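Trainee: Below is a structure I'd like to ask you about.
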Amino acid sequence: MSKKKYGFTLISVLLVLALVAVGCTPKEESGSSEGSVFRMNLATEPPSLDPAQVQDQVSATVVNGLYEGLTRKDEKGDVVPAVAKEWKISDDGKTYTFTIRDDAKWSNGDAVTAGDFEYAWKRALDPNLKPAASAYAYQLYYIKNAEAYNTGADGVTADDVAVKAIDEHTLQVELNSPTPYFLGLMSFTVFYPVHQSAKENEAWATDVSTMITNGPFTMSEWKKNNSITIAKNDNYYAKDDIKLSKVVFSEVNDSNTELSMYQTGELDYAGMPTGLIPNEQFPTLKANNPDEFKVQGSASIYYYLFNTTQKPYTNEKIRQALSMAISRQDIVDNVTKGGQIPAYGIVPPGIKGEKDDYRTEHPDSSYFKEDIEQAKTLLAEGLKEEGLTAMPTVKVTYNTNELHQAVAEAIAEMWSKNLGIKTEVSKQEWGVFLDNRNHLNYDVARGGWGADYDDPMTFIDLFSSKSGNNNTGFANPEYDALIKEAYSTDDQAKRMEAMSKAEEMVVGTRAIMPIYYYSTVYMIKPGFKGIFIDYKGDIDYNRGYKEAK
Amino acid sequence: MNEHTLQPSDFEKLSQEEKKGETVVRESISAWKDAWLRLQTNRMAMISLYILAFIVLVAIFGQWIAHQFTGNDFSTNDLKATNQAPSGDHWFGTDGLGRDMFARTWMGAGISLQVGIYAAIVDLIVGVIMGGIMGYFGGKVDEILNRICEILYSIPSLLIVILLIVVMEPSMFTIILALSITGWINMAWIVRGQIMQLKNQEYVLAARALGANPVRIMFKHLVPNAMGPIIVTITMTVPNAIFAEAFLSFLGLGVQSPAASLGTLINDAIKAMTVFPWRMLYPAILLSLTMLCFNIFGDGLRDALDPKMKK
Amino acid sequence: MVRYILQKLLFMLVSIFVLASATFFLMKAIPGNPFQSEKNIPPAIQERLNEAYGLNDPLGVQYLHYMNNLIHFDLGMSMKQQYVTVVDIIKTGFIYSLQIGIFAIIVAIAAGVLFGLIAALNHRKFLDGFTILLAVLGVSIPSFVVAPFLQYVFGVKLRWFDVAGLNDVTDFIMPVLALSFLPAAFIARLVRSSMLEVLSADYMKTARAKGLSGRVILVRHALRNAILPVVTYIGPMTANIITGSVVIEQIFGIGGLGKFFVNSITNRDYTLIMGLTLFYAIILMLARFLTDIAYGFVDPRIKLTRKGG
């Protein structure tokens, strides 16, 4: 064979090999014979599918289909029985006794027992958990001795943590203080059960074959960094309610591509919580696809923090002036365009209050109003108090993101137009930004917060002087007292009143400047029913189905 | 074959008329002028040069033009007029915050050109010095520096550039610095090669024999004679740096808004490409045109400076 | 020859050591940690996490520890994806990157040489101008404009190909095209100019004078010499394609290694940053090494004992 022929043959063989290697993976088609497939985008690879280790929305979105806790939330947001068929709460509100249903099974057929919950919760609290302690273990701190065990206090062992399997079907939990929203917490990932085979295999959550789950779905295929497929779990106790045969999660991290995939039918669902649709296309999409384009409020807030330890932001009047001199309506209408709601408080709508929605019971319009004239007066007074003749340049920092940038620039312009002050916006890389914010190394910084549980406390607690997330320097004994008051009682009326007072305080002194309450914007193909976004903006596809045309 | 036999007439004096044929009619021209003349015959390269000059001029005066004729500037928002199509008020339309795209596009062109030119200047200075040292001294010095260049050259530069920009605050300065970390190596190698060839030429030996110091020899004798390849490399460095900056913008590491480069403008517009195409159109055309002209002009320049290609 | 190769390999090891050290301290200079999020972790838990990943040790100790593992070919575990080794991430991701990368290189060389030849053989004619225009356009339009454009036209409007993913043979067409655009254009220009030079060289005239047929001259003499610059371009092309894959993989939703360039840094996944840097450095070095060797084969004038280069 001549040299030339050699080269040619080699290239041909290579080409054929490559084609074969590629061609081996068959294409995924939707609408198989039984049930239907639901395809959505996660954007990134979930860092962990171990319920104890989940700390982000991407992982939670998958884990919520794989596991089920003692209770779950229905479409209306009400707590309904799940793995626990019933429960009793002691009169002092501190002891919960759950009865596990008899037909609850793991995907391998084993029964789900009270012991599995005890094991899972203690595992999440284990300070020596491998490969690392659970980042969200503090969600279990409501349980007596949980915090002491998790933080490694002397003499406290796993046995002291007040969660106990009385028998196979009875789980008893003792809390530190009455916690009215405790039942709702059961649908939070860290409270999910874990199959005890995890004891023998630390890395069980990385492999499809070793993941034993108890939820409506179970792992079917995991192409690392590409896609995850979960399939209906035939051992799930309510398997007749589950109509989807498969859920396919892709991992495309580009909003344009995600939208294109939706438009060409490669996805059934696009947008938040885990994906993204380019916000500049919202108006067009809404006009062209009114049935598919959905906007729903979600219990998260977007705000700016003032560094209250830094002059001149130490001055309350200056902070008030800045907060009053912007037009939130303009921002949500013309910049973010996603149906967000202007915010004047820190607790978003959708959080349960005493009887109704907290925000309806305690409207935020009473806290303050935008008023440019008053803002000017306040600014002048504030500057005088600080002995300044003019406001120094305000530096607004945000983490690199097109939307944050647009909001920052819009606000900067409003301040300069309405108050005549100079503003400089500055993007920072995520980690650098967080570091600066944590160390109070900023003037004005972007912040965002989503609900951990369905109670205003998840937001109010943020600005207590003890909070690790209060990055404003705001510390007020009165505020702390109000929080303590709310924690000490389970009289909902009293709690809500105390929290509303606290909220008014943090917004009134403008330690933060609320901007808007987030919304979840998504598109879903016609025909899909029963797939909904819960109060905090998480997607629940478990009981979804596709209507036959 | 006829044999030519010498005749007495062969030895007659030349007439005055005949003598004139020996004088040089064309005055002698320097190599630079020669190159320039040759460049001028290259129509495409000259057109590119004019277009580049035009782009530079408009980039310089773009803000003034926008202000004079439409009263717009690059940073003023108008939330009531976002994403407008091109019109008399906004020649290139407006962006997502209602800012004038004409002013922004030309500001972007200015910043992109600056990034390109400054990066080229840094490469030039560092590259010529390092390459000069390597080429002139040779031996151990050359070997060590060459090894350093090789290590730098094997760096996956993108990762390091991202790391550097994250470590420092994002700004035009940072971007130029990050691009220059590995950018100068190519220049250094080209200068090194040239100097190695030139340093054994007679005129250099003569200069050395006369006791000229190395710095003088380098900048008086060597570098000017290596100028051809250096200039060609520069015309290639500028568009590469502009491209690299645009690429960093795509990763969100571009200049801080409200300032803009062509890269950040295109990146901002990509997400709305299908609904507001003009936002992407003008910056993209301008970027491509700049690149195109630099490339064609660079090619033309290389042909003009390389006598081998003389036709 | 053997001596040369050994020398080169030794030098590569030194380079890797220097590079690893520099990257290590550079990445540690960035504030932040792998566990950061909008919601801060309680300090006690943060402390435990730092402990578990050895982030509490003094920097020098961390460095020695890492280097020690590196000597034992242990790149460690990812700090973000639990129980996943860096080697696993690189392996699973690189399969995709390699596939589109190799296709792109083949397409770039094939198309580049072909277009370059066409242009050179039709020097100063229409086809020359046309190819050159195409080639110059190729290096003038950024891939992040080309890619979404291709995607929109062929994926969304014409529906010829899937918008994203790599599940089918046809799924390769758009990403490979977008990725090979720039190198193909560059190669076309290289081949054209070196071909023109070669065609006017004396030995070509000799060959023609010897009465060899046009095709033989073209293949045996001209092409072989004109292809030399392409061989030298293999190194830079590899670097180009690696960089380009960051954009292409993001836009076409391919789970290759490209996305980790940015992700690993954003996530402060220290072990992964190091792993990626070293992995790509080795690839680049090997590509350049092979270029050297290949050059020695193609061009008999080059002896592999020359210094530097």
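Residues are referred to by chain and number: the chain letter is A, B, ... according to the order shown in the structure tokens, the number counts from 1 in that chain, and ligands are numbered separately from 1 in the order shown.
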What residues in stretch 185-273 of chain B get the DSSP label alpha helix (DSSP H)? Please answer as JSON, numbers by chain.
Mentor: {"B": [185, 186, 187, 188, 189, 190, 191, 192, 193, 194, 195, 196, 197, 198, 202, 203, 204, 205, 206, 207, 208, 209, 214, 215, 216, 223, 224, 225, 227, 228, 229, 230, 231, 232, 233, 234, 235, 236, 237, 238, 239, 240, 241, 242, 243, 244, 245, 246, 247, 248, 249, 250, 262, 263, 264, 265, 266, 267, 268, 269, 270]}
Trainee: Given a cut-off of 7 Å, which residues of chain B touch chain A, counting only C-alpha atoms, written out as an NGL selection string?
Mentor: :B and (77 or 79 or 97 or 166 or 252 or 256 or 271-272 or 275)
Trainee: Store the residues of this selection in a file with C-alpha atoms, as a CSV table (one decimal), in the first residue's frame.
Mentor:
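Saved to part-v9.csv:
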chain,number,residue,atom,x,y,z
B,77,ASN,CA,-31.7,56.1,29.6
B,79,LEU,CA,-37.4,53.9,29.7
B,97,LEU,CA,-32.8,50.9,28.5
B,166,VAL,CA,-11.6,37.9,38.2
B,252,GLY,CA,-19.5,38.6,30.9
B,256,GLN,CA,-18.3,48.0,32.7
B,271,LYS,CA,-30.4,37.6,23.5
B,272,ALA,CA,-32.8,39.8,21.6
B,275,VAL,CA,-36.9,40.5,18.0
Trainee: Provide as a ChimeraX atom specification the residues of chain C at most 7 Å from chain A, counting only C-alpha atoms.
Mentor: /C:31-32,36,39-42,44-45,48-49,52,80-83,92,156,163-164,167-169,250-255,266
Trainee: Would you mind listing what lies within 9 Å of stretch 181-187 of chain C as an MDAnalysis selection string, with only C-alpha atoms counted and same-chain residues fewer than 5 positions away left out?
Mentor: chainID C and resid 104:105 107:113 115:116 132 134:143 146 176 192 229:230 233 237 240:241
Trainee: Write out as a tab-separated table the residues of chain C that have any atom within 6 Å of an atom of chain B, one row each with the nearest atom pair and its distance in Å to one decimal, counting only C-alpha atoms, sorted by chain and then rising number.
Mentor:
residue	atom	partner	partner_atom	distance
C:Ser15	CA	B:Ile151	CA	5.4
C:Ile30	CA	B:Val167	CA	5.2
C:Ser140	CA	B:Ser288	CA	4.8
C:Ile141	CA	B:Ser288	CA	5.3
C:Tyr280	CA	B:Pro156	CA	5.9
C:Ala281	CA	B:Ile155	CA	5.4
C:Leu284	CA	B:Ser154	CA	5.8
C:Met285	CA	B:Ser154	CA	5.7
Trainee: A:Leu440: which residues within 8 Å, counting only C-alpha atoms, same-chain residues fewer than 3 positions away excluded, as a PyMOL selection string?
Mentor: chain A and resi 307+309+436-437+471-473
Trainee: Extract, using only C-alpha atoms, all DNA, RNA and protein residues at most 7 Å from A:Leu66, discarding same-chain residues fewer than 5 positions from it, and format them as an MDAnalysis selection string.
Mentor: chainID A and resid 213:218
Trainee: Just to be explicit: take each residue in the selection above, keep all heavy atoms, and write the result as a PDB file, in the first residue's frame.
Mentor:
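Produced file result-v9.pdb, reproduced below:
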ATOM      1  N   THR A 213     -34.915   5.334  45.712  1.00  0.00           N
ATOM      2  CA  THR A 213     -35.708   6.520  46.060  1.00  0.00           C
ATOM      3  C   THR A 213     -37.131   6.107  46.433  1.00  0.00           C
ATOM      4  O   THR A 213     -37.575   5.005  46.132  1.00  0.00           O
ATOM      5  CB  THR A 213     -35.757   7.508  44.890  1.00  0.00           C
ATOM      6  OG1 THR A 213     -36.525   6.926  43.825  1.00  0.00           O
ATOM      7  CG2 THR A 213     -34.356   7.809  44.369  1.00  0.00           C
ATOM      8  N   ASN A 214     -37.855   7.014  47.078  1.00  0.00           N
ATOM      9  CA  ASN A 214     -39.219   6.675  47.505  1.00  0.00           C
ATOM     10  C   ASN A 214     -40.266   7.580  46.885  1.00  0.00           C
ATOM     11  O   ASN A 214     -41.422   7.556  47.264  1.00  0.00           O
ATOM     12  CB  ASN A 214     -39.314   6.744  49.030  1.00  0.00           C
ATOM     13  CG  ASN A 214     -39.439   8.173  49.514  1.00  0.00           C
ATOM     14  OD1 ASN A 214     -38.789   9.065  48.967  1.00  0.00           O
ATOM     15  ND2 ASN A 214     -40.268   8.406  50.515  1.00  0.00           N
ATOM     16  N   GLY A 215     -39.866   8.442  45.965  1.00  0.00           N
ATOM     17  CA  GLY A 215     -40.812   9.401  45.403  1.00  0.00           C
ATOM     18  C   GLY A 215     -41.532   8.872  44.186  1.00  0.00           C
ATOM     19  O   GLY A 215     -41.425   7.690  43.859  1.00  0.00           O
ATOM     20  N   PRO A 216     -42.274   9.748  43.510  1.00  0.00           N
ATOM     21  CA  PRO A 216     -43.043   9.339  42.334  1.00  0.00           C
ATOM     22  C   PRO A 216     -42.145   8.863  41.194  1.00  0.00           C
ATOM     23  O   PRO A 216     -42.582   8.125  40.326  1.00  0.00           O
ATOM     24  CB  PRO A 216     -43.778  10.610  41.916  1.00  0.00           C
ATOM     25  CG  PRO A 216     -43.717  11.525  43.087  1.00  0.00           C
ATOM     26  CD  PRO A 216     -42.500  11.164  43.860  1.00  0.00           C
ATOM     27  N   PHE A 217     -40.876   9.298  41.201  1.00  0.00           N
ATOM     28  CA  PHE A 217     -39.978   8.916  40.110  1.00  0.00           C
ATOM     29  C   PHE A 217     -38.709   8.293  40.679  1.00  0.00           C
ATOM     30  O   PHE A 217     -38.396   8.456  41.853  1.00  0.00           O
ATOM     31  CB  PHE A 217     -39.601  10.132  39.275  1.00  0.00           C
ATOM     32  CG  PHE A 217     -40.776  10.735  38.559  1.00  0.00           C
ATOM     33  CD1 PHE A 217     -41.519  11.758  39.143  1.00  0.00           C
ATOM     34  CD2 PHE A 217     -41.154  10.273  37.302  1.00  0.00           C
ATOM     35  CE1 PHE A 217     -42.613  12.302  38.495  1.00  0.00           C
ATOM     36  CE2 PHE A 217     -42.240  10.817  36.654  1.00  0.00           C
ATOM     37  CZ  PHE A 217     -42.978  11.837  37.250  1.00  0.00           C
ATOM     38  N   THR A 218     -38.014   7.617  39.790  1.00  0.00           N
ATOM     39  CA  THR A 218     -36.735   7.073  40.190  1.00  0.00           C
ATOM     40  C   THR A 218     -35.742   7.284  39.059  1.00  0.00           C
ATOM     41  O   THR A 218     -36.131   7.499  37.909  1.00  0.00           O
ATOM     42  CB  THR A 218     -36.892   5.580  40.570  1.00  0.00           C
ATOM     43  OG1 THR A 218     -35.680   5.130  41.139  1.00  0.00           O
ATOM     44  CG2 THR A 218     -37.241   4.741  39.358  1.00  0.00           C
TER      45      THR A 218
END
Trainee: Name all residues at most 12 Å from stretch 481-495 of chain A (count only C-alpha atoms; drop same-chain ones fewer than 5 positions away) and give them as a PyMOL selection string.
Mentor: chain A and resi 91-94+142+176-182+352-356+358+361-362+455-467+475-476+500-506
Trainee: Those same residues - N, CA and C atoms - I'd like them written as a compact mmCIF listing (two decimals), in the first residue's frame.
Mentor:
# COMPACT_ATOMS: atom_id res chain seq x y z
N ASP A 91 -50.21 19.50 72.77
CA ASP A 91 -50.88 20.75 73.08
C ASP A 91 -49.91 21.93 73.13
N ASP A 92 -48.70 21.66 73.60
CA ASP A 92 -47.74 22.77 73.67
C ASP A 92 -47.09 23.04 72.31
N GLY A 93 -47.52 22.30 71.29
CA GLY A 93 -47.01 22.56 69.93
C GLY A 93 -45.58 22.11 69.71
N LYS A 94 -45.04 21.33 70.65
CA LYS A 94 -43.63 20.99 70.54
C LYS A 94 -43.37 19.56 70.11
N TYR A 142 -34.76 23.16 64.26
CA TYR A 142 -35.98 23.28 65.06
C TYR A 142 -36.09 22.10 66.03
N ASN A 176 -37.69 22.52 69.71
CA ASN A 176 -37.22 23.48 70.72
C ASN A 176 -38.35 24.40 71.17
N SER A 177 -39.12 24.86 70.19
CA SER A 177 -40.21 25.79 70.50
C SER A 177 -41.32 25.52 69.50
N PRO A 178 -42.52 25.97 69.82
CA PRO A 178 -43.62 25.72 68.88
C PRO A 178 -43.30 26.34 67.52
N THR A 179 -43.48 25.58 66.49
CA THR A 179 -43.15 26.05 65.15
C THR A 179 -44.32 25.76 64.23
N PRO A 180 -45.19 26.74 64.03
CA PRO A 180 -46.44 26.46 63.30
C PRO A 180 -46.19 25.99 61.87
N TYR A 181 -45.06 26.33 61.28
CA TYR A 181 -44.84 25.97 59.89
C TYR A 181 -44.01 24.69 59.75
N PHE A 182 -43.87 23.95 60.87
CA PHE A 182 -43.01 22.77 60.84
C PHE A 182 -43.52 21.72 59.84
N LYS A 352 -48.00 32.64 53.77
CA LYS A 352 -49.19 32.52 54.63
C LYS A 352 -49.09 33.43 55.85
N GLY A 353 -50.18 34.12 56.13
CA GLY A 353 -50.26 34.93 57.33
C GLY A 353 -51.12 34.24 58.37
N GLU A 354 -51.90 35.02 59.09
CA GLU A 354 -52.71 34.42 60.14
C GLU A 354 -53.78 33.51 59.54
N LYS A 355 -54.59 34.10 58.66
CA LYS A 355 -55.62 33.28 58.01
C LYS A 355 -55.42 33.27 56.51
N ASP A 356 -55.07 34.46 56.01
CA ASP A 356 -54.98 34.65 54.58
C ASP A 356 -53.50 34.87 54.22
N TYR A 358 -50.18 36.80 54.07
CA TYR A 358 -49.61 37.80 54.99
C TYR A 358 -49.63 39.19 54.38
N GLU A 361 -52.94 40.80 54.54
CA GLU A 361 -53.30 41.19 55.90
C GLU A 361 -52.48 42.39 56.36
N HIS A 362 -51.27 42.49 55.90
CA HIS A 362 -50.40 43.61 56.28
C HIS A 362 -49.82 44.25 55.01
N ASP A 455 -43.54 31.10 55.80
CA ASP A 455 -43.85 31.93 56.95
C ASP A 455 -43.04 33.22 56.81
N PRO A 456 -43.62 34.35 57.19
CA PRO A 456 -42.88 35.62 57.03
C PRO A 456 -41.53 35.59 57.73
N MET A 457 -41.39 34.74 58.74
CA MET A 457 -40.15 34.72 59.51
C MET A 457 -38.94 34.44 58.64
N THR A 458 -39.14 33.69 57.55
CA THR A 458 -38.02 33.36 56.67
C THR A 458 -37.38 34.62 56.08
N PHE A 459 -38.16 35.71 56.02
CA PHE A 459 -37.61 36.98 55.55
C PHE A 459 -37.23 37.90 56.71
N ILE A 460 -38.09 37.92 57.74
CA ILE A 460 -37.87 38.86 58.85
C ILE A 460 -36.57 38.51 59.59
N ASP A 461 -36.37 37.22 59.78
CA ASP A 461 -35.21 36.72 60.51
C ASP A 461 -33.88 37.20 59.91
N LEU A 462 -33.94 37.47 58.60
CA LEU A 462 -32.75 37.83 57.84
C LEU A 462 -32.00 39.02 58.44
N PHE A 463 -32.75 39.97 59.00
CA PHE A 463 -32.10 41.20 59.46
C PHE A 463 -31.95 41.29 60.97
N SER A 464 -32.10 40.14 61.63
CA SER A 464 -31.80 40.13 63.05
C SER A 464 -30.29 40.30 63.19
N SER A 465 -29.86 40.83 64.33
CA SER A 465 -28.43 41.11 64.46
C SER A 465 -27.61 39.82 64.49
N LYS A 466 -28.29 38.68 64.75
CA LYS A 466 -27.57 37.41 64.81
C LYS A 466 -27.46 36.74 63.44
N SER A 467 -28.27 37.21 62.49
CA SER A 467 -28.35 36.53 61.20
C SER A 467 -27.02 36.58 60.45
N ALA A 475 -28.36 46.63 63.09
CA ALA A 475 -28.54 45.85 64.31
C ALA A 475 -29.40 46.69 65.24
N ASN A 476 -30.54 46.18 65.59
CA ASN A 476 -31.49 46.96 66.36
C ASN A 476 -32.09 46.07 67.44
N SER A 500 -44.87 42.01 61.50
CA SER A 500 -45.20 43.18 60.69
C SER A 500 -44.52 44.42 61.25
N LYS A 501 -44.52 44.53 62.58
CA LYS A 501 -43.84 45.67 63.22
C LYS A 501 -42.35 45.66 62.88
N ALA A 502 -41.78 44.46 62.95
CA ALA A 502 -40.36 44.34 62.64
C ALA A 502 -40.09 44.73 61.19
N GLU A 503 -40.97 44.26 60.32
CA GLU A 503 -40.79 44.57 58.90
C GLU A 503 -40.83 46.08 58.67
N GLU A 504 -41.79 46.72 59.32
CA GLU A 504 -41.92 48.17 59.16
C GLU A 504 -40.64 48.87 59.62
N MET A 505 -40.03 48.29 60.64
CA MET A 505 -38.82 48.90 61.19
C MET A 505 -37.66 48.82 60.19
N VAL A 506 -37.48 47.63 59.61
CA VAL A 506 -36.33 47.47 58.71
C VAL A 506 -36.54 48.25 57.41
Trainee: For C:Leu223, please output as a PyMOL selection string all residues within 12 Å (counting only C-alpha atoms; exclusion window: fewer than 4 positions along the same chain).
Mentor: chain C and resi 113-114+116-118+120-121+191-199+204+214-219+227-230+298
Trainee: Would you save the residues from that selection as a tab-separated table (two decimals), in the first residue's frame, using N, CA and C atoms?
Mentor:
chain	number	residue	atom	x	y	z
C	113	VAL	N	-7.51	23.74	2.95
C	113	VAL	CA	-6.57	23.40	1.88
C	113	VAL	C	-7.26	23.50	0.52
C	114	LEU	N	-8.47	22.97	0.47
C	114	LEU	CA	-9.21	22.98	-0.80
C	114	LEU	C	-9.41	24.42	-1.29
C	116	GLY	N	-7.89	27.10	-0.36
C	116	GLY	CA	-6.61	27.76	-0.60
C	116	GLY	C	-6.06	27.38	-1.97
C	117	LEU	N	-6.18	26.09	-2.31
C	117	LEU	CA	-5.70	25.62	-3.61
C	117	LEU	C	-6.49	26.26	-4.75
C	118	ILE	N	-7.80	26.23	-4.60
C	118	ILE	CA	-8.65	26.81	-5.64
C	118	ILE	C	-8.24	28.27	-5.89
C	120	ALA	N	-5.38	29.74	-5.18
C	120	ALA	CA	-4.04	29.92	-5.73
C	120	ALA	C	-4.00	29.55	-7.21
C	121	LEU	N	-4.72	28.50	-7.56
C	121	LEU	CA	-4.68	28.05	-8.96
C	121	LEU	C	-5.45	28.99	-9.87
C	191	VAL	N	-2.60	28.54	2.89
C	191	VAL	CA	-2.30	27.67	1.75
C	191	VAL	C	-2.20	28.51	0.48
C	192	ARG	N	-3.09	29.48	0.35
C	192	ARG	CA	-3.06	30.29	-0.86
C	192	ARG	C	-1.73	31.00	-0.99
C	193	SER	N	-1.30	31.68	0.09
C	193	SER	CA	-0.10	32.48	-0.08
C	193	SER	C	1.14	31.60	-0.24
C	194	SER	N	1.19	30.46	0.49
C	194	SER	CA	2.39	29.65	0.34
C	194	SER	C	2.37	28.93	-1.01
C	195	MET	N	1.19	28.62	-1.48
C	195	MET	CA	1.06	27.98	-2.79
C	195	MET	C	1.55	28.94	-3.88
C	196	LEU	N	1.15	30.18	-3.77
C	196	LEU	CA	1.58	31.17	-4.76
C	196	LEU	C	3.10	31.29	-4.76
C	197	GLU	N	3.64	31.29	-3.57
C	197	GLU	CA	5.09	31.39	-3.45
C	197	GLU	C	5.77	30.19	-4.10
C	198	VAL	N	5.23	29.01	-3.77
C	198	VAL	CA	5.82	27.77	-4.29
C	198	VAL	C	5.71	27.71	-5.82
C	199	LEU	N	4.55	28.11	-6.32
C	199	LEU	CA	4.32	27.99	-7.78
C	199	LEU	C	5.31	28.82	-8.56
C	204	MET	N	9.89	24.58	-9.24
C	204	MET	CA	8.67	24.31	-9.99
C	204	MET	C	8.93	24.48	-11.47
C	214	GLY	N	1.12	18.35	-15.20
C	214	GLY	CA	0.61	19.35	-14.27
C	214	GLY	C	0.20	18.75	-12.94
C	215	ARG	N	-0.49	17.60	-13.03
C	215	ARG	CA	-1.01	17.03	-11.79
C	215	ARG	C	0.12	16.54	-10.88
C	216	VAL	N	1.10	15.92	-11.49
C	216	VAL	CA	2.22	15.40	-10.72
C	216	VAL	C	2.95	16.55	-10.03
C	217	ILE	N	3.17	17.62	-10.79
C	217	ILE	CA	3.85	18.77	-10.23
C	217	ILE	C	3.07	19.28	-9.03
C	218	LEU	N	1.79	19.40	-9.27
C	218	LEU	CA	0.92	19.99	-8.24
C	218	LEU	C	1.01	19.18	-6.95
C	219	VAL	N	0.85	17.87	-7.09
C	219	VAL	CA	0.78	17.04	-5.90
C	219	VAL	C	2.16	16.83	-5.28
C	227	ILE	N	1.91	22.92	2.02
C	227	ILE	CA	1.20	22.47	3.20
C	227	ILE	C	2.01	22.69	4.47
C	228	LEU	N	3.30	22.99	4.29
C	228	LEU	CA	4.16	23.19	5.46
C	228	LEU	C	3.60	24.19	6.47
C	229	PRO	N	3.21	25.37	6.03
C	229	PRO	CA	2.70	26.33	7.02
C	229	PRO	C	1.48	25.79	7.77
C	230	VAL	N	0.70	24.93	7.09
C	230	VAL	CA	-0.49	24.37	7.75
C	230	VAL	C	-0.05	23.50	8.93
C	298	VAL	N	7.88	16.17	7.23
C	298	VAL	CA	7.44	16.78	5.97
C	298	VAL	C	8.55	17.58	5.34
Trainee: Residues of stretch 334-407 of chain A classed as strand (DSSP E) by DSSP on the backbone are to be reported as a PyMOL selection string.
Mentor: chain A and resi 341-342+394-399
Trainee: Select, from A:Gln196, A:Ser209, A:Thr274, A:Gln310, the residue with the minimum atom-to-atom distance to A:Tyr442, counting only C-alpha atoms.
Mentor: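 The shortest atom-to-atom distance to A:Tyr442 comes from A:Gln310.
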Trainee: Rank nothing, just name the residue among B:Val126, B:Ala35, B:Ala206, B:Ala259 nearest to B:Gly183, using only C-alpha atoms.
Mentor: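 Counting only C-alpha atoms, the residue closest to B:Gly183 is B:Val126.
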Trainee: Go through A:Leu244, A:Ala408, A:Ala380, A:Val507 one by one, measure the shortest atom-to-atom distance of each to A:Ser366 using only C-alpha atoms, and give the residue with the smallest value.
Mentor: A:Val507
